[in-house]
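Data from input-v1.cif: mmCIF, C-alpha atoms
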data_input
#
loop_
_atom_site.group_PDB
_atom_site.id
_atom_site.type_symbol
_atom_site.label_atom_id
_atom_site.label_comp_id
_atom_site.auth_asym_id
_atom_site.auth_seq_id
_atom_site.Cartn_x
_atom_site.Cartn_y
_atom_site.Cartn_z
ATOM 1 C CA MET Z 1 -14.848 10.082 -1.735
ATOM 2 C CA ILE Z 2 -13.003 7.255 0.057
ATOM 3 C CA ASP Z 3 -15.090 4.614 -1.732
ATOM 4 C CA GLY Z 4 -14.086 5.919 -5.139
ATOM 5 C CA PHE Z 5 -10.449 6.190 -4.093
ATOM 6 C CA ALA Z 6 -10.439 2.653 -2.706
ATOM 7 C CA LYS Z 7 -11.949 1.194 -5.867
ATOM 8 C CA ASP Z 8 -9.545 3.047 -8.150
ATOM 9 C CA PHE Z 9 -6.538 2.096 -6.021
ATOM 10 C CA LEU Z 10 -7.427 -1.604 -5.884
ATOM 11 C CA HIS Z 11 -8.208 -1.647 -9.593
ATOM 12 C CA SER Z 12 -4.867 -0.026 -10.412
ATOM 13 C CA ARG Z 13 -2.974 -2.595 -8.342
ATOM 14 C CA LEU Z 14 -4.877 -5.422 -9.985
ATOM 15 C CA LYS Z 15 -4.022 -4.150 -13.471
ATOM 16 C CA THR Z 16 -0.333 -3.964 -12.560
ATOM 17 C CA ILE Z 17 -0.104 -7.470 -11.132
ATOM 18 C CA ARG Z 18 -1.981 -8.904 -14.134
ATOM 19 C CA GLU Z 19 0.770 -7.565 -16.389
ATOM 20 C CA THR Z 20 3.433 -9.027 -14.134
ATOM 21 C CA LEU Z 21 1.909 -12.496 -14.285
ATOM 22 C CA VAL Z 22 1.747 -12.536 -18.090
ATOM 23 C CA TRP Z 23 5.275 -11.138 -18.361
ATOM 24 C CA LYS Z 24 6.612 -14.205 -16.550
ATOM 25 C CA LEU Z 25 5.976 -16.205 -19.746
ATOM 26 C CA ASP Z 26 8.032 -13.856 -21.897
ATOM 27 C CA GLY Z 27 10.844 -15.491 -23.841
ATOM 28 C CA LEU Z 28 10.247 -19.054 -22.615
ATOM 29 C CA SER Z 29 9.736 -22.121 -24.779
ATOM 30 C CA GLU Z 30 6.382 -23.865 -25.107
ATOM 31 C CA TYR Z 31 7.689 -26.687 -22.959
ATOM 32 C CA ASP Z 32 8.976 -24.460 -20.167
ATOM 33 C CA ILE Z 33 5.739 -22.483 -19.790
ATOM 34 C CA ARG Z 34 3.750 -25.729 -19.572
ATOM 35 C CA ARG Z 35 5.865 -28.232 -17.682
ATOM 36 C CA PRO Z 36 5.147 -28.986 -14.027
ATOM 37 C CA LEU Z 37 7.800 -27.389 -11.847
ATOM 38 C CA THR Z 38 6.596 -28.508 -8.412
ATOM 39 C CA ALA Z 39 5.440 -31.777 -6.906
ATOM 40 C CA THR Z 40 1.833 -30.588 -7.226
ATOM 41 C CA GLY Z 41 2.190 -29.739 -10.916
ATOM 42 C CA THR Z 42 2.332 -25.937 -10.726
ATOM 43 C CA ASN Z 43 3.236 -24.463 -14.110
ATOM 44 C CA LEU Z 44 3.422 -20.975 -15.583
ATOM 45 C CA LEU Z 45 0.807 -21.114 -18.332
ATOM 46 C CA GLY Z 46 -1.574 -22.921 -16.002
ATOM 47 C CA LEU Z 47 -1.329 -20.070 -13.508
ATOM 48 C CA VAL Z 48 -2.444 -17.606 -16.189
ATOM 49 C CA LYS Z 49 -5.300 -19.886 -17.245
ATOM 50 C CA HIS Z 50 -6.411 -20.312 -13.638
ATOM 51 C CA VAL Z 51 -6.423 -16.596 -12.833
ATOM 52 C CA ALA Z 52 -8.289 -15.866 -16.076
ATOM 53 C CA THR Z 53 -10.978 -18.332 -15.034
ATOM 54 C CA CYS Z 54 -11.168 -16.738 -11.574
ATOM 55 C CA GLU Z 55 -11.651 -13.256 -13.031
ATOM 56 C CA ALA Z 56 -14.337 -14.530 -15.396
ATOM 57 C CA TRP Z 57 -16.249 -16.245 -12.573
ATOM 58 C CA TYR Z 58 -15.892 -13.694 -9.816
ATOM 59 C CA PHE Z 59 -16.526 -10.552 -11.831
ATOM 60 C CA GLY Z 60 -19.160 -12.280 -13.954
ATOM 61 C CA GLU Z 61 -21.504 -14.826 -12.443
ATOM 62 C CA VAL Z 62 -21.095 -13.457 -8.920
ATOM 63 C CA PHE Z 63 -22.652 -10.134 -9.958
ATOM 64 C CA GLY Z 64 -25.183 -11.471 -12.447
ATOM 65 C CA ARG Z 65 -22.953 -10.454 -15.340
ATOM 66 C CA PRO Z 66 -22.003 -13.819 -16.898
ATOM 67 C CA SER Z 67 -18.928 -14.002 -19.074
ATOM 68 C CA PRO Z 68 -19.788 -13.551 -22.768
ATOM 69 C CA GLU Z 69 -17.999 -16.816 -23.545
ATOM 70 C CA PRO Z 70 -18.797 -20.309 -22.244
ATOM 71 C CA LEU Z 71 -17.197 -21.291 -18.941
ATOM 72 C CA GLY Z 72 -17.279 -24.541 -17.069
ATOM 73 C CA ARG Z 73 -19.650 -24.616 -14.098
ATOM 74 C CA TRP Z 74 -17.995 -24.025 -10.755
ATOM 75 C CA GLN Z 75 -19.679 -27.211 -9.517
ATOM 76 C CA ASP Z 76 -17.684 -29.163 -12.103
ATOM 77 C CA ALA Z 77 -14.278 -27.658 -11.285
ATOM 78 C CA ASP Z 78 -11.730 -30.457 -11.609
ATOM 79 C CA GLY Z 79 -8.371 -28.703 -11.754
ATOM 80 C CA SER Z 80 -8.310 -28.492 -15.551
ATOM 81 C CA ASP Z 81 -7.954 -24.716 -15.297
ATOM 82 C CA LEU Z 82 -4.502 -25.204 -13.755
ATOM 83 C CA TRP Z 83 -2.750 -26.568 -16.836
ATOM 84 C CA ALA Z 84 -2.861 -26.236 -20.608
ATOM 85 C CA THR Z 85 -3.778 -29.059 -22.958
ATOM 86 C CA PRO Z 86 -1.586 -29.649 -26.047
ATOM 87 C CA ASP Z 87 -4.155 -28.009 -28.323
ATOM 88 C CA GLU Z 88 -4.416 -24.832 -26.207
ATOM 89 C CA THR Z 89 -1.877 -22.289 -27.410
ATOM 90 C CA ARG Z 90 -0.103 -19.667 -25.376
ATOM 91 C CA GLU Z 91 -1.857 -16.992 -27.435
ATOM 92 C CA GLN Z 92 -5.303 -18.483 -26.801
ATOM 93 C CA ILE Z 93 -4.835 -18.549 -23.039
ATOM 94 C CA ILE Z 94 -3.383 -15.044 -22.872
ATOM 95 C CA ASP Z 95 -6.237 -13.794 -25.084
ATOM 96 C CA PHE Z 96 -8.722 -15.502 -22.757
ATOM 97 C CA TYR Z 97 -7.110 -13.747 -19.803
ATOM 98 C CA GLN Z 98 -7.271 -10.389 -21.546
ATOM 99 C CA ARG Z 99 -10.952 -10.876 -22.424
ATOM 100 C CA ALA Z 100 -11.724 -11.937 -18.853
ATOM 101 C CA CYS Z 101 -9.929 -8.850 -17.571
ATOM 102 C CA LYS Z 102 -11.834 -6.595 -19.963
ATOM 103 C CA HIS Z 103 -15.128 -8.041 -18.728
ATOM 104 C CA ALA Z 104 -13.946 -7.683 -15.121
ATOM 105 C CA ASP Z 105 -12.907 -4.077 -15.743
ATOM 106 C CA ALA Z 106 -16.388 -3.316 -17.068
ATOM 107 C CA THR Z 107 -17.957 -4.825 -13.942
ATOM 108 C CA ILE Z 108 -15.647 -2.823 -11.686
ATOM 109 C CA GLY Z 109 -16.303 0.351 -13.654
ATOM 110 C CA GLU Z 110 -20.081 0.042 -13.683
ATOM 111 C CA LEU Z 111 -20.764 -1.118 -10.125
ATOM 112 C CA ALA Z 112 -20.423 0.726 -6.844
ATOM 113 C CA ILE Z 113 -17.833 -0.657 -4.449
ATOM 114 C CA ASP Z 114 -20.610 -1.878 -2.135
ATOM 115 C CA ALA Z 115 -22.641 -3.474 -4.953
ATOM 116 C CA PRO Z 116 -23.974 -6.846 -3.734
ATOM 117 C CA GLY Z 117 -22.892 -10.161 -5.185
ATOM 118 C CA HIS Z 118 -23.316 -13.848 -4.411
ATOM 119 C CA VAL Z 119 -20.595 -16.528 -4.365
ATOM 120 C CA PRO Z 120 -22.448 -19.852 -4.075
ATOM 121 C CA TRP Z 121 -19.263 -21.827 -3.426
ATOM 122 C CA TRP Z 122 -18.308 -19.754 -0.337
ATOM 123 C CA SER Z 123 -19.499 -20.581 3.168
ATOM 124 C CA ARG Z 124 -20.619 -16.938 3.498
ATOM 125 C CA PRO Z 125 -21.897 -16.373 -0.030
ATOM 126 C CA ASP Z 126 -23.231 -12.821 0.259
ATOM 127 C CA VAL Z 127 -20.476 -10.405 -0.757
ATOM 128 C CA ASN Z 128 -19.934 -7.017 -2.337
ATOM 129 C CA LEU Z 129 -17.601 -5.690 -5.016
ATOM 130 C CA PHE Z 130 -15.036 -4.623 -2.431
ATOM 131 C CA ASN Z 131 -14.777 -8.200 -1.111
ATOM 132 C CA ILE Z 132 -14.247 -9.596 -4.580
ATOM 133 C CA MET Z 133 -11.707 -7.000 -5.648
ATOM 134 C CA ILE Z 134 -9.642 -7.818 -2.554
ATOM 135 C CA HIS Z 135 -10.027 -11.548 -3.188
ATOM 136 C CA ILE Z 136 -8.935 -11.398 -6.826
ATOM 137 C CA LEU Z 137 -6.067 -9.016 -6.074
ATOM 138 C CA GLN Z 138 -4.890 -11.423 -3.380
ATOM 139 C CA GLU Z 139 -5.293 -14.444 -5.659
ATOM 140 C CA THR Z 140 -3.457 -12.826 -8.561
ATOM 141 C CA THR Z 141 -0.641 -11.525 -6.360
ATOM 142 C CA ARG Z 142 -0.207 -14.953 -4.767
ATOM 143 C CA HIS Z 143 0.069 -16.662 -8.134
ATOM 144 C CA ALA Z 144 2.347 -13.975 -9.542
ATOM 145 C CA GLY Z 145 4.643 -14.768 -6.617
ATOM 146 C CA HIS Z 146 4.511 -18.439 -7.561
ATOM 147 C CA ALA Z 147 5.331 -17.504 -11.148
ATOM 148 C CA ASP Z 148 8.274 -15.379 -10.031
ATOM 149 C CA ILE Z 149 9.860 -18.311 -8.229
ATOM 150 C CA LEU Z 150 9.145 -20.734 -11.074
ATOM 151 C CA ARG Z 151 10.721 -18.352 -13.571
ATOM 152 C CA GLU Z 152 13.786 -17.919 -11.387
ATOM 153 C CA GLN Z 153 14.200 -21.697 -11.301
ATOM 154 C CA LEU Z 154 14.098 -21.842 -15.102
ATOM 155 C CA ASP Z 155 16.520 -19.110 -16.139
ATOM 156 C CA GLY Z 156 17.246 -16.905 -13.148
ATOM 157 C CA ARG Z 157 15.084 -13.978 -14.280
ATOM 158 C CA THR Z 158 13.189 -12.159 -11.529
ATOM 159 C CA GLY Z 159 11.368 -8.883 -11.044
ATOM 160 C CA LEU Z 160 8.013 -7.152 -11.116
ATOM 161 C CA ARG Z 161 8.177 -5.588 -14.571
ATOM 162 C CA ALA Z 162 10.475 -5.682 -17.579
ATOM 163 C CA GLU Z 163 11.596 -2.072 -17.116
ATOM 164 C CA TYR Z 164 12.819 -2.818 -13.588
ATOM 165 C CA GLU Z 165 14.718 -5.962 -14.503
ATOM 166 C CA GLU Z 166 18.440 -5.920 -13.743
ATOM 167 C CA GLU Z 167 21.142 -7.904 -15.494
ATOM 168 C CA ILE Z 168 21.851 -11.164 -13.703
ATOM 169 C CA ASP Z 169 25.145 -11.147 -11.787
ATOM 170 C CA THR Z 170 25.761 -14.858 -11.332
ATOM 171 C CA ALA Z 171 28.803 -14.418 -9.090
ATOM 172 C CA ALA Z 172 27.055 -11.952 -6.784
ATOM 173 C CA ARG Z 173 24.053 -14.236 -6.505
ATOM 174 C CA ALA Z 174 26.242 -17.212 -5.665
ATOM 175 C CA THR Z 175 28.034 -15.240 -2.954
ATOM 176 C CA TYR Z 176 24.775 -14.025 -1.452
ATOM 177 C CA ARG Z 177 23.257 -17.510 -1.511
ATOM 178 C CA ALA Z 178 26.351 -18.996 0.114
ATOM 179 C CA LYS Z 179 26.116 -16.400 2.892
ATOM 180 C CA ILE Z 180 22.520 -17.409 3.644
ATOM 181 C CA GLU Z 181 23.412 -21.107 3.468
ATOM 182 C CA GLN Z 182 26.259 -20.584 5.940
ATOM 183 C CA ALA Z 183 23.935 -18.774 8.358
ATOM 184 C CA ALA Z 184 21.349 -21.551 8.089
ATOM 185 C CA GLN Z 185 23.935 -24.252 8.770
ATOM 186 C CA ALA Z 186 25.313 -22.306 11.720
ATOM 187 C CA ALA Z 187 21.830 -21.921 13.205
ATOM 188 C CA ALA Z 188 21.063 -25.594 12.678
ATOM 189 C CA GLY Z 189 24.344 -26.596 14.292
ATOM 190 C CA GLY Z 190 23.737 -24.272 17.218
ATOM 191 C CA ALA Z 191 20.281 -25.664 17.769
ATOM 192 C CA GLY Z 192 21.677 -29.165 17.764
ATOM 193 C CA ARG Z 193 24.329 -28.303 20.346
ATOM 194 C CA ALA Z 194 21.766 -26.535 22.539
ATOM 195 C CA GLY Z 195 19.551 -29.598 22.494
ATOM 196 C CA LEU Z 196 22.413 -31.853 23.565
ATOM 197 C CA SER Z 197 23.517 -29.597 26.415
ATOM 198 C CA ALA Z 198 20.098 -28.998 27.976
ATOM 199 C CA PRO Z 199 18.827 -31.558 30.506
ATOM 200 C CA HIS Z 200 15.965 -33.666 29.151
ATOM 201 C CA GLY Z 201 12.672 -31.880 29.675
ATOM 202 C CA ALA Z 202 14.344 -28.731 31.040
ATOM 203 C CA VAL Z 203 13.205 -26.374 28.277
ATOM 204 C CA GLY Z 204 9.694 -25.000 28.563
ATOM 205 C CA THR Z 205 8.658 -27.217 31.491
ATOM 206 C CA MET Z 206 7.514 -26.451 35.025
ATOM 207 C CA PRO Z 207 8.454 -28.468 38.127
#
Give the structure from this file in structure tokens form.
Amino acid sequence: MIDGFAKDFLHSRLKTIRETLVWKLDGLSEYDIRRPLTATGTNLLGLVKHVATCEAWYFGEVFGRPSPEPLGRWQDADGSDLWATPDETREQIIDFYQRACKHADATIGELAIDAPGHVPWWSRPDVNLFNIMIHILQETTRHAGHADILREQLDGRTGLRAEYEEEIDTAARATYRAKIEQAAQAAAGGAGRAGLSAPHGAVGTMP
């Protein structure tokens, strides 16, 4: 009973966060979904491409159920799954993600939660479906969080799903941000004063 509940619950959460990740592209230009927005090159469309590749690998090869479409070998991974080339369209990458998810859903549906798998690139390669469902849910949630912050930087939009999105109140946001900034500056100033007033070596030392 608990095994079936656990699998259904994890699968439901995974389906929800998949939708959230794709929604973060909604309404943005081709440039904005592709351009690097961090020092390490993180970009919105690349996050979708990366998670699609993860689903295809982990719910495919790991359980002897290879993806029906060609994938690069994990041994040859070079970071190319983290960004989109000029000839890869938004639609192609989203379609790839949806196909990878469909294949993953079939694997999840057909296997027991303790079904064995093998991840050759892990230090402890012997796994089961439960391990992989947790791993992919964690990976997708992490990257959806990245996407949320990137999207906020672009146009201020935030949220988990379109139906929960609230109208942006620029003035309220500015006030709230200023409050946090003031608290941070006060804490930093207080720490500086405390450091000046304490005798050298007095904090955290023993005679």
Tell me, as a PDB file with C-alpha atoms, in the frame of the given file, which residues lie within 12 Å of Pro68 (chain Z), counting only C-alpha atoms; anything in the same chain fewer than 6 positions away does not count.
ATOM      1  CA  ALA Z  56     -14.337 -14.530 -15.396  1.00  0.00           C
ATOM      2  CA  TRP Z  57     -16.249 -16.245 -12.573  1.00  0.00           C
ATOM      3  CA  PHE Z  59     -16.526 -10.552 -11.831  1.00  0.00           C
ATOM      4  CA  GLY Z  60     -19.160 -12.280 -13.954  1.00  0.00           C
ATOM      5  CA  GLU Z  61     -21.504 -14.826 -12.443  1.00  0.00           C
ATOM      6  CA  PHE Z  96      -8.722 -15.502 -22.757  1.00  0.00           C
ATOM      7  CA  ARG Z  99     -10.952 -10.876 -22.424  1.00  0.00           C
ATOM      8  CA  ALA Z 100     -11.724 -11.937 -18.853  1.00  0.00           C
ATOM      9  CA  LYS Z 102     -11.834  -6.595 -19.963  1.00  0.00           C
ATOM     10  CA  HIS Z 103     -15.128  -8.041 -18.728  1.00  0.00           C
ATOM     11  CA  ALA Z 104     -13.946  -7.683 -15.121  1.00  0.00           C
TER      12      ALA Z 104
END
The PyMOL selection byres ((chain Z and resi 115) around 10) applied to the shown file, residues as a list in words: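 With the PyMOL selection byres ((chain Z and resi 115) around 10) on this model, the match is Phe63, Ile108, Glu110, Leu111, Ala112, Ile113, Asp114, Pro116, Gly117, Val127, Asn128, Leu129, Phe130 and Asn131 of chain Z.
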Straight-line distance linking CA of Leu82 (chain Z) with CA of Leu47 (chain Z), stated in Å to one decimal: 6.0 Å
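CA of Glu166 (chain Z) is positioned 28.1 Å from CA of Ile93 (chain Z).
For the pair CA of Glu91 (chain Z) and CA of Thr20 (chain Z), the separation is 16.4 Å.
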